[in-house]
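**Student:** The structure under discussion is supplied below as structure tokens; questions concerning it will follow.
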Amino acid sequence: MESRNGIDLRLVLPAAAAWLAAGILVGVPGGVATVGVVVGLWVGAVLFVTAAVIDRRVRWRPLWATVGVSLAASALVASVVMVSGPVRLPAEARAAAQHHASVSALITVWSMPVETASPGGFGAGGAAVRVRFRGTVTELTEGARSARVSVPALVFAEFSGRGAASLPIGSVIRLDGTLRATDPGDAAAALYFGRGRPQSVADPPWWLAWANGLRARFAAAAGELPGDGGDLLPGLAIGDTSQVGAELDLAMKTSALSHLTAVSGANCAVVVAGIMLLGGYLRLRRGLRIALSLATLVGFVVLVTPEPSVLRAALMATILLLSIASGRPGRGVPLLALVVLALLVNDPWLARSYGFALSVLATAGLLVLAGPLTRVLSRWMPTVLAAAIAIPVAAQLACQPVLVLLSPTLPLYGVPANLLAGPAAPVATVVGLVACLLLPWLPGVAGAILYLAWLPAAWIAAIARTSALLPGSRLPWLGGAVGVLATAILTVAIVALVLRRPGAIRGWWPAAALALLVLAGGAYTGSLIGSGLGRAVAFPADWQIAACDIGQGDAVVVRDQDRYALVDVGPDPALLTECLDTLGIARIDLLVLTHYDLDHIGGVAAVIGRVGSALVGIPENAEDERLHVRLAEGGAAVREAARGDTGTLGGLRWEIYWPVRDSPAMQTGNPGSVTIGFDGRGIRSIFLGDLGQEPQDALRRIAAPGAVDVVKVAHHGSRDQSPQLYEDLSATVGLISVGRDNGYGHPTDALLGILATAGTRALRTDRMGMIVVAPAAGGGGALQVWTETVPSETGATETVRVGGPG
């Protein structure tokens, strides 16, 4: 059974059916419904296979067989879900999670620790480091009771300094903490929030220990290389991105180059091809070459850790090698479908893994589209150049419908960036891997080779940073299911038109596809221009600060060209989405969550998957930790902030003034609100969160911020304020983010009097709606302020100019 383009569907359809079944069923709690689905699928499979056997009509037999096998594949995956679902979180673990009990757990580490939050923040080098890693909880002890379990968990732990290096893959630790159940469809059955320092119980087995040591040595050697190239090289060679900083990581994602640091089929192909070529040069028999390739592939998977993309690529390479050994090489697409089916049967929860989906789609795009695109492009250019263009285009087209779920944007420079960086990636991978393997035996030679590998790594990093800084690097797009559907339809239309046979212009579908693309392109361009013109007419062109009108809560945007920071997200995702859409913001480069009150974090769902880096306060409970997990799973680099942390947002410099690291008081809640300041482009600003008078006075004593142009008034204008702090700030304007008829009396007369005494003009969202601030054209410290409405009888919109201090 084949499609019109010759793709064998006999394995593709069963794999797709199994994927769909797994994706649905892993999200449903086990029970009678699941049992009924399993029985129904098996019965259906038997009936259709029987029909294929007894039906004498040749034209129908392949259809019955394909449907029967698809139902059997779905039934097999459903059976695995039914059996393994309850085992993933047994009764003892479920009870501990429900009662929020304090337990002691034995945990086997299965992934490299990734720093998620650190009091050191960005560049302050604090003493404590909080990390997350995948592990299996094998024993739970609550009081005098112990239970043997096997719970896949996402574990959070804290270490001193570089102590996270003491968590090699395969090691066993004991950690006190609390267990929290996840949603049924999550890859991890539970979240484990550790307290205190982990205690080492057992070292990794020998077959993992060698890889841990080699990875650590290679990361240390690469860390001595200068600049971004040294940070990026371990990711390119062995998939270790632990040294990639938040800004470089964001640049790689923005320029659509982050896939280069994800070990995938390309890396496995390089390893296998190298061994096969070496074996051919040594005139080894085919069977021996294949056996050496398989052994090397197993070692490579252990070295880079068996992530979903690595497992998919390694299993596909293994099946391909075995088919070559049998003298019957498999075709690419059926082979990929077989690998997907095997992996889903082994772990149905992969069906909801974005990484797994992107890996499979990228491979499918290369198998199906790269060749035809190369042939089409080779009509106008050399074949080598045509292939270099076709490969990233094919992968991007196949992955884009899923990518819009992670970030509802389109990478304008993604294909050019891949064209420039693509040729350097295999060089960095091969040369870096050679250096890694030589480090234990010939460190001097390996050091020299590392410098050779550093050159392409530095080139890729430079392309990523340059592409990310170009205007319009990410264009806004529809999110959610509508965005996926629209992207998929447009992708099919583009592929159908580009790959149609020469001269095949008759019929209704080419005209329909062309009309669809023209209409969609015109509408999208018009929306971009229209929204841009609307904002250009309404807002000052160089606006830097915008206080969203989101009711009783805080959500303030800071901007430099096309770089955006968001300080708090307000109480409601819908209101925040409306504000961001009005401002034309698709991605948040820096998110600051000052503390965890609902009026400051309630709208976070509007930005999940759209954040590059997040600065957060110290979590007070498991729900706060869960928020960190949601942000991290959406692609954000999440870090705790403390005084002294600094960074940049485009041409603006930001600095954290509060809270004080390791202080015994005022670390959480309103008194511990993360207080950040921005400076540049003619405006100096500070955002006070919900600080009260006591922490405000402490801020003056410990880290006096000095005079500013704009202050985001603390706690929506409550009475609990420090007159001395506002006098020191001497701000030109004070932004008060407050809801109409809020019931708290905010902003209070006391606060308004403090601002008046300090010479600060009060601008409040309850009366003025959205407030936008820009440097005035004349400079000299003056500000241009645009307000959505003004408190007048007509309610007309007007522009207000406010003179600078003095």
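We name chains A, B, ... following the order of the structure tokens; residues begin at 1 in each chain, and ligands are numbered from 1 as shown.
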Name all residues at most 9 Å from A:Ala425 (count only C-alpha atoms; drop same-chain ones fewer than 2 positions away) and give them as a list in words.
**Tutor:**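 Here the qualifying residues turn out to be Leu236, Ala237, Leu260, Ala421, Gly422, Pro423, Val427, Ala428, Thr429, Val430, Pro456, Ala457 and Ile460 of chain A.
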**Student:** Set the distance at 6 Å and use only C-alpha atoms: which residues neighbour stretch 759-764 of chain A once local chain neighbours fewer than 4 positions away are removed? I'd like the list as a PyMOL selection string.
**Tutor:** chain A and resi 731-736+755+768
**Student:** Got a sec to tell me which of stretch 264-411 of chain A DSSP assigns to alpha helix (DSSP H), as a PyMOL selection string?
**Tutor:** chain A and resi 265-281+286-304+308-325+332-346+354-365+371-377+383-406
**Student:** Need the shell around A:Phe687: protein/DNA/RNA residues with any atom at most 10 Å away, counting only C-alpha atoms. Skip same-chain ones fewer than 3 positions apart. Format as a list in words?
**Tutor:**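 In the requested format, the answer is Val556, Val567, Thr594, Ile656, Tyr657, Ser673, Val674, Thr675, Ile676, Gly677, Phe678, Asp690, Leu691, Val710, Val711, Lys712, Val713, Ala714, Gly734 and Leu735 of chain A.
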**Student:** Which of these residues is nearest to A:Ala547, using only C-alpha atoms: A:Thr765, A:Ser359, A:Ser84, A:Thr409?
**Tutor:**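 Of all the options, A:Thr765 lies closest to A:Ala547.
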**Student:** Work out how far apart atom CA of A:Ala105 and atom CA of A:Ala190 are and give it in Å to one decimal.
**Tutor:**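 Interatomic distance, atom CA of A:Ala105 to atom CA of A:Ala190: 12.7 Å.
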**Student:** For a test of reading the model, state the distance in Å between atom CA of A:Ala337 and atom CA of A:Leu63, rounded to one decimal.
**Tutor:**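 Computing the Euclidean distance for atom CA of A:Ala337 and atom CA of A:Leu63 yields 17.9 Å.
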**Student:** Identify all residues of stretch 404-607 of chain A in strand (DSSP E or B) (DSSP on the backbone) and supply them as a JSON list (two decimals) with C-alpha atoms, in the first residue's frame.
**Tutor:**
```json
[["chain", "number", "residue", "atom", "x", "y", "z"],
["A", 409, "THR", "CA", 6.57, 32.83, 16.10],
["A", 410, "LEU", "CA", 8.26, 32.30, 12.73],
["A", 411, "PRO", "CA", 12.10, 32.39, 12.53],
["A", 474, "ARG", "CA", 11.02, 36.33, 15.22],
["A", 475, "LEU", "CA", 7.74, 37.22, 13.48],
["A", 476, "PRO", "CA", 4.50, 36.78, 15.45],
["A", 545, "ILE", "CA", 8.20, 51.17, 29.15],
["A", 546, "ALA", "CA", 4.56, 50.10, 28.91],
["A", 547, "ALA", "CA", 2.38, 49.45, 31.96],
["A", 556, "VAL", "CA", 5.00, 46.11, 32.93],
["A", 557, "VAL", "CA", 6.98, 45.74, 29.69],
["A", 558, "VAL", "CA", 10.46, 47.15, 29.18],
["A", 559, "ARG", "CA", 11.67, 47.38, 25.58],
["A", 560, "ASP", "CA", 14.77, 48.10, 23.56],
["A", 563, "ARG", "CA", 14.03, 42.97, 22.80],
["A", 564, "TYR", "CA", 11.42, 42.78, 25.55],
["A", 565, "ALA", "CA", 11.41, 42.25, 29.29],
["A", 566, "LEU", "CA", 8.21, 41.69, 31.29],
["A", 567, "VAL", "CA", 8.09, 42.44, 35.00],
["A", 588, "ILE", "CA", 9.65, 37.73, 26.03],
["A", 589, "ASP", "CA", 13.44, 37.77, 26.24],
["A", 590, "LEU", "CA", 13.51, 38.36, 30.01],
["A", 591, "LEU", "CA", 10.68, 37.60, 32.44],
["A", 592, "VAL", "CA", 10.87, 38.87, 36.01],
["A", 593, "LEU", "CA", 8.49, 37.39, 38.59]]
```
**Student:** Can you tell me, as a ChimeraX atom specification, what residues are no more than 12 Å from A:Asn670 when counting only C-alpha atoms, ignoring any on the same chain fewer than 2 positions away?
**Tutor:** /A:593-600,617-618,620,658-659,665-668,672-675,688-696,714-716,720
**Student:** Store the residues picked out above, limited to N, CA, C and O atoms, as a CSV table (one decimal), in the first residue's frame.
**Tutor:**
```csv
chain,number,residue,atom,x,y,z
A,593,LEU,N,9.6,37.6,37.7
A,593,LEU,CA,8.5,37.4,38.6
A,593,LEU,C,8.9,37.8,40.0
A,593,LEU,O,9.8,37.2,40.6
A,594,THR,N,8.4,39.0,40.4
A,594,THR,CA,9.0,39.5,41.7
A,594,THR,C,8.6,38.7,42.9
A,594,THR,O,9.5,38.6,43.8
A,595,HIS,N,7.4,38.1,42.9
A,595,HIS,CA,7.1,37.2,44.0
A,595,HIS,C,5.9,36.4,43.6
A,595,HIS,O,5.5,36.5,42.4
A,596,TYR,N,5.2,35.6,44.5
A,596,TYR,CA,4.3,34.6,44.0
A,596,TYR,C,2.9,34.9,44.4
A,596,TYR,O,2.0,34.0,44.4
A,597,ASP,N,2.5,36.1,44.6
A,597,ASP,CA,1.1,36.5,44.8
A,597,ASP,C,0.4,36.4,43.5
A,597,ASP,O,0.9,36.6,42.4
A,598,LEU,N,-0.9,36.0,43.6
A,598,LEU,CA,-1.7,35.7,42.3
A,598,LEU,C,-1.7,36.9,41.4
A,598,LEU,O,-1.7,36.8,40.2
A,599,ASP,N,-1.8,38.1,42.0
A,599,ASP,CA,-1.9,39.3,41.1
A,599,ASP,C,-0.6,39.6,40.4
A,599,ASP,O,-0.5,40.6,39.6
A,600,HIS,N,0.4,38.8,40.7
A,600,HIS,CA,1.7,39.0,40.0
A,600,HIS,C,2.1,37.8,39.1
A,600,HIS,O,2.9,37.9,38.2
A,617,GLY,N,11.8,35.0,42.2
A,617,GLY,CA,12.1,35.1,43.7
A,617,GLY,C,12.2,33.7,44.3
A,617,GLY,O,12.0,32.6,43.6
A,618,ILE,N,12.6,33.6,45.5
A,618,ILE,CA,12.8,32.3,46.2
A,618,ILE,C,11.4,31.7,46.4
A,618,ILE,O,10.5,32.3,46.9
A,620,GLU,N,8.3,29.6,47.8
A,620,GLU,CA,7.9,29.4,49.2
A,620,GLU,C,7.3,28.0,49.4
A,620,GLU,O,7.1,27.6,50.5
A,658,TRP,N,17.4,43.9,45.0
A,658,TRP,CA,16.8,43.3,46.2
A,658,TRP,C,16.2,42.0,45.7
A,658,TRP,O,15.7,41.9,44.5
A,659,PRO,N,16.2,40.9,46.5
A,659,PRO,CA,16.6,40.8,47.9
A,659,PRO,C,18.1,40.6,48.0
A,659,PRO,O,18.8,40.4,47.0
A,665,ALA,N,16.4,37.4,56.7
A,665,ALA,CA,15.1,38.0,56.8
A,665,ALA,C,14.8,38.6,55.4
A,665,ALA,O,15.6,38.9,54.6
A,666,MET,N,13.5,38.9,55.2
A,666,MET,CA,12.9,39.5,54.0
A,666,MET,C,13.4,38.9,52.7
A,666,MET,O,13.9,39.5,51.8
A,667,GLN,N,13.2,37.6,52.6
A,667,GLN,CA,13.6,36.8,51.4
A,667,GLN,C,12.5,36.4,50.6
A,667,GLN,O,12.6,36.1,49.4
A,668,THR,N,11.3,36.3,51.1
A,668,THR,CA,10.1,35.8,50.4
A,668,THR,C,8.9,36.7,50.6
A,668,THR,O,9.0,37.6,51.4
A,672,GLY,N,10.3,40.2,50.1
A,672,GLY,CA,11.4,39.6,49.3
A,672,GLY,C,11.2,39.9,47.8
A,672,GLY,O,11.8,39.2,47.0
A,673,SER,N,10.3,40.8,47.5
A,673,SER,CA,10.1,41.1,46.0
A,673,SER,C,11.4,41.4,45.3
A,673,SER,O,12.1,42.2,45.7
A,674,VAL,N,11.5,40.7,44.2
A,674,VAL,CA,12.7,41.0,43.3
A,674,VAL,C,12.6,42.4,42.8
A,674,VAL,O,11.6,42.8,42.1
A,675,THR,N,13.6,43.2,43.1
A,675,THR,CA,13.6,44.6,42.6
A,675,THR,C,14.6,44.8,41.6
A,675,THR,O,15.8,44.6,41.8
A,688,LEU,N,9.6,48.2,41.9
A,688,LEU,CA,9.7,47.9,43.4
A,688,LEU,C,8.8,46.7,43.8
A,688,LEU,O,8.8,46.4,45.0
A,689,GLY,N,8.2,46.0,42.9
A,689,GLY,CA,7.3,44.9,43.2
A,689,GLY,C,6.3,45.3,44.3
A,689,GLY,O,5.6,46.3,44.1
A,690,ASP,N,6.2,44.5,45.4
A,690,ASP,CA,5.3,44.8,46.5
A,690,ASP,C,6.1,45.1,47.8
A,690,ASP,O,5.6,44.8,48.9
A,691,LEU,N,7.3,45.7,47.7
A,691,LEU,CA,8.0,46.0,48.9
A,691,LEU,C,7.3,47.0,49.8
A,691,LEU,O,6.6,47.9,49.3
A,692,GLY,N,7.3,46.7,51.1
A,692,GLY,CA,6.7,47.6,52.1
A,692,GLY,C,7.8,48.6,52.6
A,692,GLY,O,8.9,48.6,52.1
A,693,GLN,N,7.4,49.4,53.6
A,693,GLN,CA,8.3,50.4,54.1
A,693,GLN,C,9.6,49.8,54.7
A,693,GLN,O,10.7,50.3,54.4
A,694,GLU,N,9.5,48.8,55.4
A,694,GLU,CA,10.7,48.2,56.1
A,694,GLU,C,11.7,47.7,55.0
A,694,GLU,O,12.9,48.1,55.1
A,695,PRO,N,11.3,46.9,54.0
A,695,PRO,CA,12.3,46.5,53.0
A,695,PRO,C,12.8,47.7,52.2
A,695,PRO,O,13.9,47.7,51.7
A,696,GLN,N,11.9,48.6,52.0
A,696,GLN,CA,12.3,49.8,51.2
A,696,GLN,C,13.4,50.6,51.9
A,696,GLN,O,14.4,51.0,51.3
A,714,ALA,N,5.5,50.7,44.5
A,714,ALA,CA,5.4,49.4,45.2
A,714,ALA,C,3.9,49.2,45.6
A,714,ALA,O,3.2,50.1,46.0
A,715,HIS,N,3.5,47.9,45.5
A,715,HIS,CA,2.3,47.4,46.1
A,715,HIS,C,1.0,48.2,45.7
A,715,HIS,O,0.2,48.5,46.5
A,716,HIS,N,1.0,48.6,44.4
A,716,HIS,CA,-0.2,49.2,43.8
A,716,HIS,C,-0.6,50.6,44.5
A,716,HIS,O,-1.8,51.0,44.4
A,720,ASP,N,1.9,51.5,52.9
A,720,ASP,CA,3.2,51.0,53.4
A,720,ASP,C,4.3,51.3,52.5
A,720,ASP,O,4.9,50.5,51.8
```
**Student:** Got a sec: who's within 9 Å of stretch 66-75 of chain A, counting only C-alpha atoms, leaving out chain neighbours fewer than 3 positions off, as a PyMOL selection string?
**Tutor:** chain A and resi 1+9-11+13-22+37-52+61-63+78-80+341+345
**Student:** So, with only C-alpha atoms as the atoms that count, which of A:Ala776, A:Arg148, A:Ala189, A:Gly135 lies closest to A:Ser171?
**Tutor:**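 Comparing A:Ala776, A:Arg148, A:Ala189, A:Gly135 against A:Ser171, the winner is A:Gly135.
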**Student:** So, counting only C-alpha atoms, which residue among A:Thr525, A:Thr577, A:Gln243, A:Gln552 is closest to A:Val604?
**Tutor:** A:Thr577
**Student:** Point out the residue among A:Gly609, A:Gly650, A:Gly570, A:Gly371 with the least atom-to-atom distance to A:Leu631, counting only C-alpha atoms.
**Tutor:**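 So, comparing all the options, the nearest one is A:Gly609.
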**Student:** Closest to A:Leu752 among A:Arg88, A:Arg719, A:His259, A:Arg379, using only C-alpha atoms?
**Tutor:**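 Among the listed residues, the smallest separation from A:Leu752 belongs to A:Arg719.
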**Student:** What is the distance, in Å and to one decimal place, between atom CA of A:Thr34 and atom CA of A:Arg352?
**Tutor:** 17.8 Å
**Student:** As a PDB file with N, CA, C and O atoms, in the first residue's frame, please: the residues near A:Val402 (cut-off 9 Å, only C-alpha atoms, same-chain neighbours under 3 positions excluded).
**Tutor:**
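Saved file part16.pdb follows:
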```pdb
ATOM      1  N   TYR A 354       7.914  16.773  23.124  1.00  0.00           N
ATOM      2  CA  TYR A 354       8.187  17.662  22.000  1.00  0.00           C
ATOM      3  C   TYR A 354       9.514  17.304  21.334  1.00  0.00           C
ATOM      4  O   TYR A 354       9.638  17.339  20.107  1.00  0.00           O
ATOM      5  N   ALA A 357       8.997  14.300  19.114  1.00  0.00           N
ATOM      6  CA  ALA A 357       8.210  14.659  17.932  1.00  0.00           C
ATOM      7  C   ALA A 357       9.056  15.440  16.925  1.00  0.00           C
ATOM      8  O   ALA A 357       9.017  15.165  15.716  1.00  0.00           O
ATOM      9  N   LEU A 358       9.816  16.414  17.404  1.00  0.00           N
ATOM     10  CA  LEU A 358      10.645  17.217  16.496  1.00  0.00           C
ATOM     11  C   LEU A 358      11.723  16.364  15.843  1.00  0.00           C
ATOM     12  O   LEU A 358      12.055  16.545  14.665  1.00  0.00           O
ATOM     13  N   LEU A 361       9.949  14.244  13.152  1.00  0.00           N
ATOM     14  CA  LEU A 361       9.514  15.069  12.029  1.00  0.00           C
ATOM     15  C   LEU A 361      10.694  15.568  11.208  1.00  0.00           C
ATOM     16  O   LEU A 361      10.620  15.617   9.972  1.00  0.00           O
ATOM     17  N   ALA A 398       9.086  20.536   7.963  1.00  0.00           N
ATOM     18  CA  ALA A 398       8.464  19.418   8.666  1.00  0.00           C
ATOM     19  C   ALA A 398       8.208  19.740  10.130  1.00  0.00           C
ATOM     20  O   ALA A 398       7.210  19.286  10.707  1.00  0.00           O
ATOM     21  N   CYS A 399       9.089  20.505  10.754  1.00  0.00           N
ATOM     22  CA  CYS A 399       8.992  20.759  12.197  1.00  0.00           C
ATOM     23  C   CYS A 399       8.145  21.977  12.549  1.00  0.00           C
ATOM     24  O   CYS A 399       7.678  22.092  13.686  1.00  0.00           O
ATOM     25  N   LEU A 405       3.753  25.466  18.546  1.00  0.00           N
ATOM     26  CA  LEU A 405       3.206  25.166  19.864  1.00  0.00           C
ATOM     27  C   LEU A 405       4.167  25.604  20.960  1.00  0.00           C
ATOM     28  O   LEU A 405       3.747  26.037  22.040  1.00  0.00           O
ATOM     29  N   LEU A 406       5.467  25.474  20.698  1.00  0.00           N
ATOM     30  CA  LEU A 406       6.465  25.891  21.681  1.00  0.00           C
ATOM     31  C   LEU A 406       6.619  27.398  21.713  1.00  0.00           C
ATOM     32  O   LEU A 406       6.801  27.986  22.778  1.00  0.00           O
ATOM     33  N   VAL A 484      -1.177  25.637  14.677  1.00  0.00           N
ATOM     34  CA  VAL A 484      -0.677  24.368  14.122  1.00  0.00           C
ATOM     35  C   VAL A 484      -1.400  24.046  12.813  1.00  0.00           C
ATOM     36  O   VAL A 484      -0.767  23.686  11.805  1.00  0.00           O
ATOM     37  N   THR A 487      -0.401  26.484  10.012  1.00  0.00           N
ATOM     38  CA  THR A 487       0.960  26.205   9.553  1.00  0.00           C
ATOM     39  C   THR A 487       1.011  24.941   8.710  1.00  0.00           C
ATOM     40  O   THR A 487       1.673  24.889   7.666  1.00  0.00           O
TER      41      THR A 487
END
```
**Student:** Can you tell me, as a PyMOL selection string, what residues are no more than 10 Å from stretch 305-315 of chain A when counting only C-alpha atoms, ignoring any on the same chain fewer than 4 positions away?
**Tutor:** chain A and resi 110-112+169+208+211-212+238-240+262-269+272+294+297-301+319-321+335-336+338-340+342-343+347+350+353-360+363
**Student:** Closest to A:Leu106 among A:Val172, A:Ala93, A:Ile275, A:Ala515, using only C-alpha atoms?
**Tutor:**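 Smallest separation from A:Leu106 among the options: A:Val172.
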